[in-house]
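Next up, final25.cif (mmCIF, C-alpha atoms):
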```
data_work
#
loop_
_atom_site.group_PDB
_atom_site.id
_atom_site.type_symbol
_atom_site.label_atom_id
_atom_site.label_comp_id
_atom_site.auth_asym_id
_atom_site.auth_seq_id
_atom_site.Cartn_x
_atom_site.Cartn_y
_atom_site.Cartn_z
ATOM 1 C CA MET A 1 96.791 114.196 -107.107
ATOM 2 C CA GLY A 2 94.509 117.228 -107.381
ATOM 3 C CA GLN A 3 94.473 117.922 -103.643
ATOM 4 C CA THR A 4 96.625 120.551 -102.013
ATOM 5 C CA ILE A 5 98.874 119.735 -99.083
ATOM 6 C CA LYS A 6 96.588 121.576 -96.656
ATOM 7 C CA GLU A 7 93.610 119.413 -97.635
ATOM 8 C CA MET A 8 95.432 116.179 -96.883
ATOM 9 C CA SER A 9 95.933 114.067 -93.791
ATOM 10 C CA GLU A 10 98.573 115.180 -91.312
ATOM 11 C CA TYR A 11 100.351 111.865 -91.933
ATOM 12 C CA MET A 12 101.493 110.731 -95.362
ATOM 13 C CA ILE A 13 103.536 107.539 -95.582
ATOM 14 C CA LEU A 14 105.559 106.835 -98.730
ATOM 15 C CA LEU A 15 105.600 103.074 -99.421
ATOM 16 C CA LEU A 16 108.405 101.775 -101.653
ATOM 17 C CA ASP A 17 108.338 98.154 -102.825
ATOM 18 C CA VAL A 18 111.668 97.652 -104.594
ATOM 19 C CA GLY A 19 111.825 94.867 -107.161
ATOM 20 C CA ASN A 20 114.561 93.977 -109.607
ATOM 21 C CA THR A 21 112.786 95.765 -112.473
ATOM 22 C CA ASN A 22 110.447 98.314 -110.898
ATOM 23 C CA ILE A 23 109.809 100.198 -107.690
ATOM 24 C CA TYR A 24 106.085 99.994 -106.977
ATOM 25 C CA ALA A 25 105.232 102.947 -104.747
ATOM 26 C CA GLY A 26 102.185 104.198 -102.918
ATOM 27 C CA ILE A 27 100.978 106.988 -100.659
ATOM 28 C CA TYR A 28 99.164 105.920 -97.481
ATOM 29 C CA ASP A 29 97.394 108.494 -95.316
ATOM 30 C CA GLN A 30 96.984 106.124 -92.313
ATOM 31 C CA VAL A 31 93.399 105.479 -93.428
ATOM 32 C CA LYS A 32 93.704 104.243 -96.993
ATOM 33 C CA LEU A 33 96.022 103.936 -99.966
ATOM 34 C CA ILE A 34 95.389 107.123 -101.936
ATOM 35 C CA ASP A 35 97.833 106.905 -104.856
ATOM 36 C CA THR A 36 100.201 104.451 -106.569
ATOM 37 C CA PHE A 37 102.907 104.746 -109.219
ATOM 38 C CA ARG A 38 105.947 102.919 -110.609
ATOM 39 C CA LEU A 39 109.595 103.855 -111.151
ATOM 40 C CA ASN A 40 112.397 101.942 -112.825
ATOM 41 C CA THR A 41 114.816 100.234 -110.448
ATOM 42 C CA VAL A 42 118.279 101.564 -111.256
ATOM 43 C CA ILE A 43 121.309 100.310 -109.328
ATOM 44 C CA GLY A 44 123.808 103.134 -108.936
ATOM 45 C CA LYS A 45 121.204 105.875 -108.782
ATOM 46 C CA THR A 46 121.892 108.337 -105.934
ATOM 47 C CA PRO A 47 119.391 109.401 -103.253
ATOM 48 C CA ASP A 48 119.161 112.813 -104.950
ATOM 49 C CA GLU A 49 118.376 111.201 -108.302
ATOM 50 C CA TYR A 50 115.702 108.952 -106.778
ATOM 51 C CA TYR A 51 114.227 111.980 -105.020
ATOM 52 C CA GLN A 52 113.982 113.860 -108.309
ATOM 53 C CA SER A 53 112.271 110.858 -109.911
ATOM 54 C CA LEU A 54 109.795 110.712 -107.039
ATOM 55 C CA GLN A 55 108.990 114.415 -107.098
ATOM 56 C CA SER A 56 106.753 114.219 -110.156
ATOM 57 C CA PHE A 57 104.511 111.872 -108.151
ATOM 58 C CA VAL A 58 104.808 113.099 -104.560
ATOM 59 C CA ALA A 59 105.400 116.851 -104.841
ATOM 60 C CA THR A 60 101.866 117.657 -103.671
ATOM 61 C CA TYR A 61 102.103 115.344 -100.653
ATOM 62 C CA LYS A 62 103.735 116.211 -97.341
ATOM 63 C CA ILE A 63 105.609 112.955 -96.657
ATOM 64 C CA THR A 64 105.948 112.260 -92.926
ATOM 65 C CA ASP A 65 107.305 108.706 -93.030
ATOM 66 C CA VAL A 66 108.874 106.198 -95.428
ATOM 67 C CA MET A 67 108.560 102.411 -95.520
ATOM 68 C CA ILE A 68 110.689 100.147 -97.716
ATOM 69 C CA SER A 69 110.298 96.543 -98.826
ATOM 70 C CA SER A 70 113.178 95.553 -101.063
ATOM 71 C CA VAL A 71 114.891 92.644 -102.778
ATOM 72 C CA VAL A 72 117.694 94.889 -104.075
ATOM 73 C CA PRO A 73 120.032 95.688 -101.142
ATOM 74 C CA LYS A 74 122.044 98.380 -102.971
ATOM 75 C CA VAL A 75 118.878 100.330 -103.757
ATOM 76 C CA THR A 76 117.631 99.878 -100.190
ATOM 77 C CA ILE A 77 120.713 101.697 -98.913
ATOM 78 C CA GLU A 78 120.132 104.663 -101.232
ATOM 79 C CA LEU A 79 116.423 104.908 -100.381
ATOM 80 C CA LYS A 80 117.197 104.865 -96.652
ATOM 81 C CA LYS A 81 119.555 107.780 -97.264
ATOM 82 C CA LEU A 82 116.804 109.531 -99.255
ATOM 83 C CA ALA A 83 114.337 109.167 -96.372
ATOM 84 C CA GLN A 84 116.797 110.658 -93.902
ATOM 85 C CA LYS A 85 118.035 113.472 -96.149
ATOM 86 C CA PHE A 86 114.810 114.706 -97.693
ATOM 87 C CA TYR A 87 112.103 113.658 -95.205
ATOM 88 C CA ASN A 88 114.121 113.624 -91.974
ATOM 89 C CA VAL A 89 112.935 110.139 -91.000
ATOM 90 C CA ALA A 90 114.572 106.757 -90.446
ATOM 91 C CA ALA A 91 112.762 104.567 -92.962
ATOM 92 C CA LEU A 92 110.991 101.484 -91.655
ATOM 93 C CA VAL A 93 112.439 98.541 -93.617
ATOM 94 C CA VAL A 94 110.857 95.089 -93.876
ATOM 95 C CA GLU A 95 113.696 93.012 -92.482
ATOM 96 C CA PRO A 96 114.338 90.550 -89.646
ATOM 97 C CA GLY A 97 113.305 92.053 -86.327
ATOM 98 C CA ILE A 98 110.136 93.910 -87.316
ATOM 99 C CA LYS A 99 106.624 92.671 -86.650
ATOM 100 C CA THR A 100 104.885 91.301 -89.736
ATOM 101 C CA GLY A 101 102.130 89.054 -88.383
ATOM 102 C CA ILE A 102 103.431 86.331 -90.713
ATOM 103 C CA LEU A 103 105.188 83.137 -89.659
ATOM 104 C CA ILE A 104 107.567 81.413 -92.043
ATOM 105 C CA LYS A 105 107.990 77.672 -92.454
ATOM 106 C CA ALA A 106 111.453 77.494 -94.020
ATOM 107 C CA ASP A 107 114.860 75.974 -93.404
ATOM 108 C CA ASN A 108 116.230 79.505 -93.064
ATOM 109 C CA PRO A 109 113.456 82.099 -92.571
ATOM 110 C CA ARG A 110 115.957 84.941 -93.024
ATOM 111 C CA GLU A 111 116.315 83.938 -96.679
ATOM 112 C CA VAL A 112 112.646 84.649 -97.396
ATOM 113 C CA GLY A 113 112.323 87.856 -99.399
ATOM 114 C CA ALA A 114 110.537 90.918 -98.074
ATOM 115 C CA ASP A 115 108.229 90.864 -101.107
ATOM 116 C CA LEU A 116 106.955 87.385 -100.206
ATOM 117 C CA ILE A 117 106.288 88.453 -96.622
ATOM 118 C CA CYS A 118 104.459 91.598 -97.689
ATOM 119 C CA VAL A 119 102.078 89.903 -100.128
ATOM 120 C CA ALA A 120 101.283 87.300 -97.456
ATOM 121 C CA ALA A 121 100.626 90.104 -94.960
ATOM 122 C CA GLY A 122 98.277 91.752 -97.445
ATOM 123 C CA LEU A 123 95.715 88.926 -97.439
ATOM 124 C CA ILE A 124 92.337 89.854 -95.979
ATOM 125 C CA GLN A 125 90.738 86.416 -95.610
ATOM 126 C CA ASP A 126 92.439 84.023 -93.194
ATOM 127 C CA VAL A 127 91.912 80.961 -95.371
ATOM 128 C CA PRO A 128 94.481 78.804 -97.213
ATOM 129 C CA THR A 129 95.597 80.916 -100.168
ATOM 130 C CA LEU A 130 97.997 80.524 -103.052
ATOM 131 C CA ILE A 131 99.407 83.915 -104.041
ATOM 132 C CA ILE A 132 100.887 84.089 -107.535
ATOM 133 C CA ASP A 133 103.066 87.172 -107.878
ATOM 134 C CA LEU A 134 103.931 87.967 -111.495
ATOM 135 C CA GLY A 135 107.036 90.128 -111.412
ATOM 136 C CA THR A 136 110.636 89.804 -112.580
ATOM 137 C CA ALA A 137 110.295 86.288 -111.176
ATOM 138 C CA THR A 138 106.988 84.446 -110.936
ATOM 139 C CA LYS A 139 106.488 83.493 -107.300
ATOM 140 C CA TYR A 140 103.938 81.088 -105.846
ATOM 141 C CA ILE A 141 103.421 81.624 -102.101
ATOM 142 C CA TYR A 142 101.196 79.203 -100.198
ATOM 143 C CA VAL A 143 99.821 80.820 -97.044
ATOM 144 C CA LYS A 144 97.811 79.082 -94.321
ATOM 145 C CA ASN A 145 97.033 80.267 -90.782
ATOM 146 C CA LYS A 146 99.137 83.414 -91.431
ATOM 147 C CA THR A 147 102.121 81.178 -92.176
ATOM 148 C CA ILE A 148 104.081 80.931 -95.407
ATOM 149 C CA MET A 149 104.028 77.152 -95.846
ATOM 150 C CA GLY A 150 106.066 76.945 -99.040
ATOM 151 C CA VAL A 151 107.166 78.856 -102.118
ATOM 152 C CA ILE A 152 107.949 78.236 -105.796
ATOM 153 C CA ILE A 153 110.155 80.678 -107.720
ATOM 154 C CA ALA A 154 110.180 80.493 -111.526
ATOM 155 C CA PRO A 155 111.500 82.751 -114.299
ATOM 156 C CA GLY A 156 109.200 85.714 -114.833
ATOM 157 C CA ILE A 157 107.463 86.582 -118.080
ATOM 158 C CA TYR A 158 109.849 89.369 -119.092
ATOM 159 C CA SER A 159 112.826 87.295 -117.958
ATOM 160 C CA SER A 160 111.660 84.410 -120.151
ATOM 161 C CA MET A 161 111.294 86.640 -123.181
ATOM 162 C CA MET A 162 114.667 88.341 -122.678
ATOM 163 C CA SER A 163 116.372 84.968 -122.256
ATOM 164 C CA LEU A 164 114.794 83.742 -125.481
ATOM 165 C CA THR A 165 115.583 86.781 -127.614
ATOM 166 C CA LYS A 166 119.066 87.478 -126.259
ATOM 167 C CA ASN A 167 120.217 83.910 -126.862
ATOM 168 C CA THR A 168 118.896 83.538 -130.406
ATOM 169 C CA ALA A 169 120.137 85.322 -133.512
ATOM 170 C CA LEU A 170 116.862 85.658 -135.403
ATOM 171 C CA LEU A 171 114.172 85.997 -132.710
ATOM 172 C CA PRO A 172 113.347 89.645 -131.937
ATOM 173 C CA GLU A 173 112.088 91.167 -128.702
ATOM 174 C CA VAL A 174 108.324 91.724 -129.050
ATOM 175 C CA GLU A 175 105.609 93.597 -127.218
ATOM 176 C CA LEU A 176 103.680 91.460 -124.761
ATOM 177 C CA ASN A 177 100.368 91.571 -126.581
ATOM 178 C CA VAL A 178 98.119 88.511 -126.472
ATOM 179 C CA PRO A 179 97.977 86.924 -129.966
ATOM 180 C CA PRO A 180 94.537 86.020 -131.344
ATOM 181 C CA LYS A 181 95.263 82.289 -131.306
ATOM 182 C CA VAL A 182 97.705 79.852 -129.738
ATOM 183 C CA LEU A 183 99.299 78.700 -133.008
ATOM 184 C CA GLY A 184 101.022 81.726 -134.507
ATOM 185 C CA ASN A 185 101.582 82.502 -138.191
ATOM 186 C CA ASN A 186 104.353 85.088 -137.850
ATOM 187 C CA THR A 187 107.434 85.361 -135.657
ATOM 188 C CA ALA A 188 106.030 87.972 -133.268
ATOM 189 C CA ALA A 189 102.793 86.033 -132.679
ATOM 190 C CA CYS A 190 104.714 82.786 -132.195
ATOM 191 C CA ILE A 191 106.890 84.352 -129.499
ATOM 192 C CA GLN A 192 103.936 86.082 -127.844
ATOM 193 C CA SER A 193 102.038 82.800 -127.736
ATOM 194 C CA GLY A 194 104.945 80.893 -126.258
ATOM 195 C CA ILE A 195 105.568 83.520 -123.572
ATOM 196 C CA LEU A 196 101.979 84.395 -122.604
ATOM 197 C CA TYR A 197 99.979 81.224 -123.239
ATOM 198 C CA GLY A 198 103.012 79.221 -122.135
ATOM 199 C CA ASN A 199 103.233 81.027 -118.785
ATOM 200 C CA ALA A 200 99.461 80.826 -118.251
ATOM 201 C CA SER A 201 99.615 77.071 -118.881
ATOM 202 C CA ALA A 202 102.589 76.702 -116.544
ATOM 203 C CA ILE A 203 100.624 78.493 -113.834
ATOM 204 C CA ASP A 204 97.593 76.238 -114.378
ATOM 205 C CA GLY A 205 99.865 73.201 -114.229
ATOM 206 C CA LEU A 206 101.628 74.209 -111.023
ATOM 207 C CA ILE A 207 98.300 75.030 -109.375
ATOM 208 C CA THR A 208 97.222 71.444 -110.125
ATOM 209 C CA ARG A 209 100.430 70.035 -108.635
ATOM 210 C CA ILE A 210 100.147 72.236 -105.534
ATOM 211 C CA SER A 211 96.522 71.186 -105.080
ATOM 212 C CA ARG A 212 97.509 67.519 -105.129
ATOM 213 C CA GLU A 213 100.302 68.147 -102.650
ATOM 214 C CA VAL A 214 98.379 70.186 -100.050
ATOM 215 C CA ASN A 215 95.188 68.130 -100.528
ATOM 216 C CA GLU A 216 92.855 70.900 -99.370
ATOM 217 C CA PRO A 217 90.814 73.669 -101.032
ATOM 218 C CA PHE A 218 92.476 77.067 -101.261
ATOM 219 C CA ASP A 219 91.885 80.513 -102.727
ATOM 220 C CA ILE A 220 94.059 81.748 -105.578
ATOM 221 C CA VAL A 221 95.152 85.383 -105.759
ATOM 222 C CA LEU A 222 97.083 86.905 -108.652
ATOM 223 C CA THR A 223 99.167 90.026 -108.138
ATOM 224 C CA GLY A 224 102.037 91.842 -109.799
ATOM 225 C CA GLY A 225 102.293 94.084 -112.831
ATOM 226 C CA LEU A 226 101.524 91.401 -115.434
ATOM 227 C CA SER A 227 98.588 89.786 -113.638
ATOM 228 C CA SER A 228 96.049 91.662 -115.788
ATOM 229 C CA ILE A 229 97.482 90.051 -118.938
ATOM 230 C CA ILE A 230 97.796 86.500 -117.597
ATOM 231 C CA GLU A 231 94.558 86.162 -115.593
ATOM 232 C CA PRO A 232 92.232 85.988 -118.663
ATOM 233 C CA LEU A 233 94.469 83.329 -120.255
ATOM 234 C CA MET A 234 94.301 80.922 -117.329
ATOM 235 C CA TYR A 235 91.852 78.041 -117.105
ATOM 236 C CA THR A 236 91.940 78.229 -113.309
ATOM 237 C CA LYS A 237 89.690 80.776 -111.640
ATOM 238 C CA ALA A 238 91.658 83.341 -109.639
ATOM 239 C CA LYS A 239 91.072 86.705 -107.983
ATOM 240 C CA ARG A 240 93.340 89.592 -109.004
ATOM 241 C CA GLU A 241 94.693 91.901 -106.286
ATOM 242 C CA PRO A 242 97.197 94.262 -107.976
ATOM 243 C CA ARG A 243 97.881 96.269 -104.781
ATOM 244 C CA LEU A 244 98.411 93.289 -102.501
ATOM 245 C CA VAL A 245 102.073 94.040 -101.702
ATOM 246 C CA LEU A 246 101.288 97.648 -100.745
ATOM 247 C CA GLN A 247 98.369 96.515 -98.579
ATOM 248 C CA GLY A 248 100.743 94.128 -96.848
ATOM 249 C CA MET A 249 103.193 96.962 -96.259
ATOM 250 C CA ILE A 250 100.384 99.029 -94.748
ATOM 251 C CA ASN A 251 99.451 96.168 -92.413
ATOM 252 C CA ILE A 252 103.095 95.750 -91.360
ATOM 253 C CA TYR A 253 103.524 99.509 -90.924
ATOM 254 C CA ASN A 254 100.551 99.606 -88.568
ATOM 255 C CA LYS A 255 102.044 96.814 -86.469
ATOM 256 C CA ASN A 256 105.306 98.762 -86.091
ATOM 257 C CA ARG A 257 104.062 102.346 -85.934
ATOM 258 C CA HIS A 258 104.932 102.716 -82.231
ATOM 259 C CA ILE A 259 108.483 101.561 -83.022
ATOM 260 C CA LYS A 260 108.806 104.302 -85.623
ATOM 261 C CA GLY A 261 107.504 106.812 -83.124
ATOM 262 C CA GLU A 262 110.199 105.845 -80.648
ATOM 263 C CA SER A 263 112.977 105.994 -83.256
ATOM 264 C CA LYS A 264 112.307 109.491 -84.523
#
```
Is it possible to express this structure as structure tokens?
Amino acid sequence: MGQTIKEMSEYMILLLDVGNTNIYAGIYDQVKLIDTFRLNTVIGKTPDEYYQSLQSFVATYKITDVMISSVVPKVTIELKKLAQKFYNVAALVVEPGIKTGILIKADNPREVGADLICVAAGLIQDVPTLIIDLGTATKYIYVKNKTIMGVIIAPGIYSSMMSLTKNTALLPEVELNVPPKVLGNNTAACIQSGILYGNASAIDGLITRISREVNEPFDIVLTGGLSSIIEPLMYTKAKREPRLVLQGMINIYNKNRHIKGESK
């Protein structure tokens, strides 16, 4: 963020991956991803309010294009308005009709979320891969030959904790710190163990079931904001790629860049 606008690339693309809890954003200079940051997802926030929230991160960048991947339609609408009003561009949105390089094996491919498509598009190695995306929901995406072969969607770590604490009178919300041992000796540690070790064990268990079902070796990639906490707790070896969704957005952007050029 120490550069001045004059020192930067002529092209600066603002990437916005909108989840139910956070907006994971990045700045791409058409060569590499040069910065990332997170905002809270707030339904009802206006384009002007989102712009003000973004300014503390992007004020030193001359934004020339905007790309959006979103699972929150109401926020997508406001961010499209933001792109037009403040950057004078029609945002490129990951939606049916754009080139992604990813095929989808599903009863209704249009139901597959943009976030799932983007993480699949972010893979570098073209080998069978299980992506485990730890966000508001925990998603397991099995990708083979650039095709999403199947998906599992489970409650996310924060969602599990909020469900537990909101539906019990005496269990408090706790910080997601890893307790020193599995069997806790105070309420906070007991909850932390159940949420963190419990989710890590669930991931290990589902990996085993997926392995038996596909009956072939595959890579395992962890991504999402909580992957750094869960990865050390797993018994299964996995590679962590925290920027996978943004890399996928970059790959999709580059496949559609000529379309953006025609639409401006």
| note | Of A:Thr236, A:Ser228, A:Thr165, A:Ser193, the one nearest to Asp133 (chain A) when counting all atoms listed in the file is A:Ser228
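The smallest atom-to-atom distance between Leu92 (chain A) and any of A:Gln55, A:Leu176, A:Leu15, A:Thr129, using all atoms listed in the file, is found for A:Leu15.
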| query | For Thr100 (chain A), which of A:Leu244, A:Leu14, A:Leu116, A:Ala121 is the closest residue, counting all atoms listed in the file? | reply |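 So, comparing all the options, the nearest one is A:Ala121.
CA of Ser211 (chain A) is found 26.7 Å from CA of Arg110 (chain A).
CA of Arg243 (chain A) to CA of Val221 (chain A) spans 11.3 Å [interatomic distance, one decimal].
Of note, CA of Val174 (chain A) and CA of Ile191 (chain A) are spaced 7.5 Å apart.
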| task | Specify as a ChimeraX atom specification each residue included when the PyMOL selection byres ((chain A and resi 239) around 7) is applied to this file. | result | /A:220-222,238,240-241
| For Val31 (chain A), which of A:Val151, A:Leu226, A:Met12, A:Ile68 is the closest residue, counting only C-alpha atoms? | A:Met12
| said: Here is a test: counting all atoms listed in the file, which residue of A:Ile203, A:Ile13, A:Leu130, A:Leu233 is nearest to Asn254 (chain A)? | reply: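 Once distances to Asn254 (chain A) are computed over all atoms listed in the file, the minimum belongs to A:Ile13.
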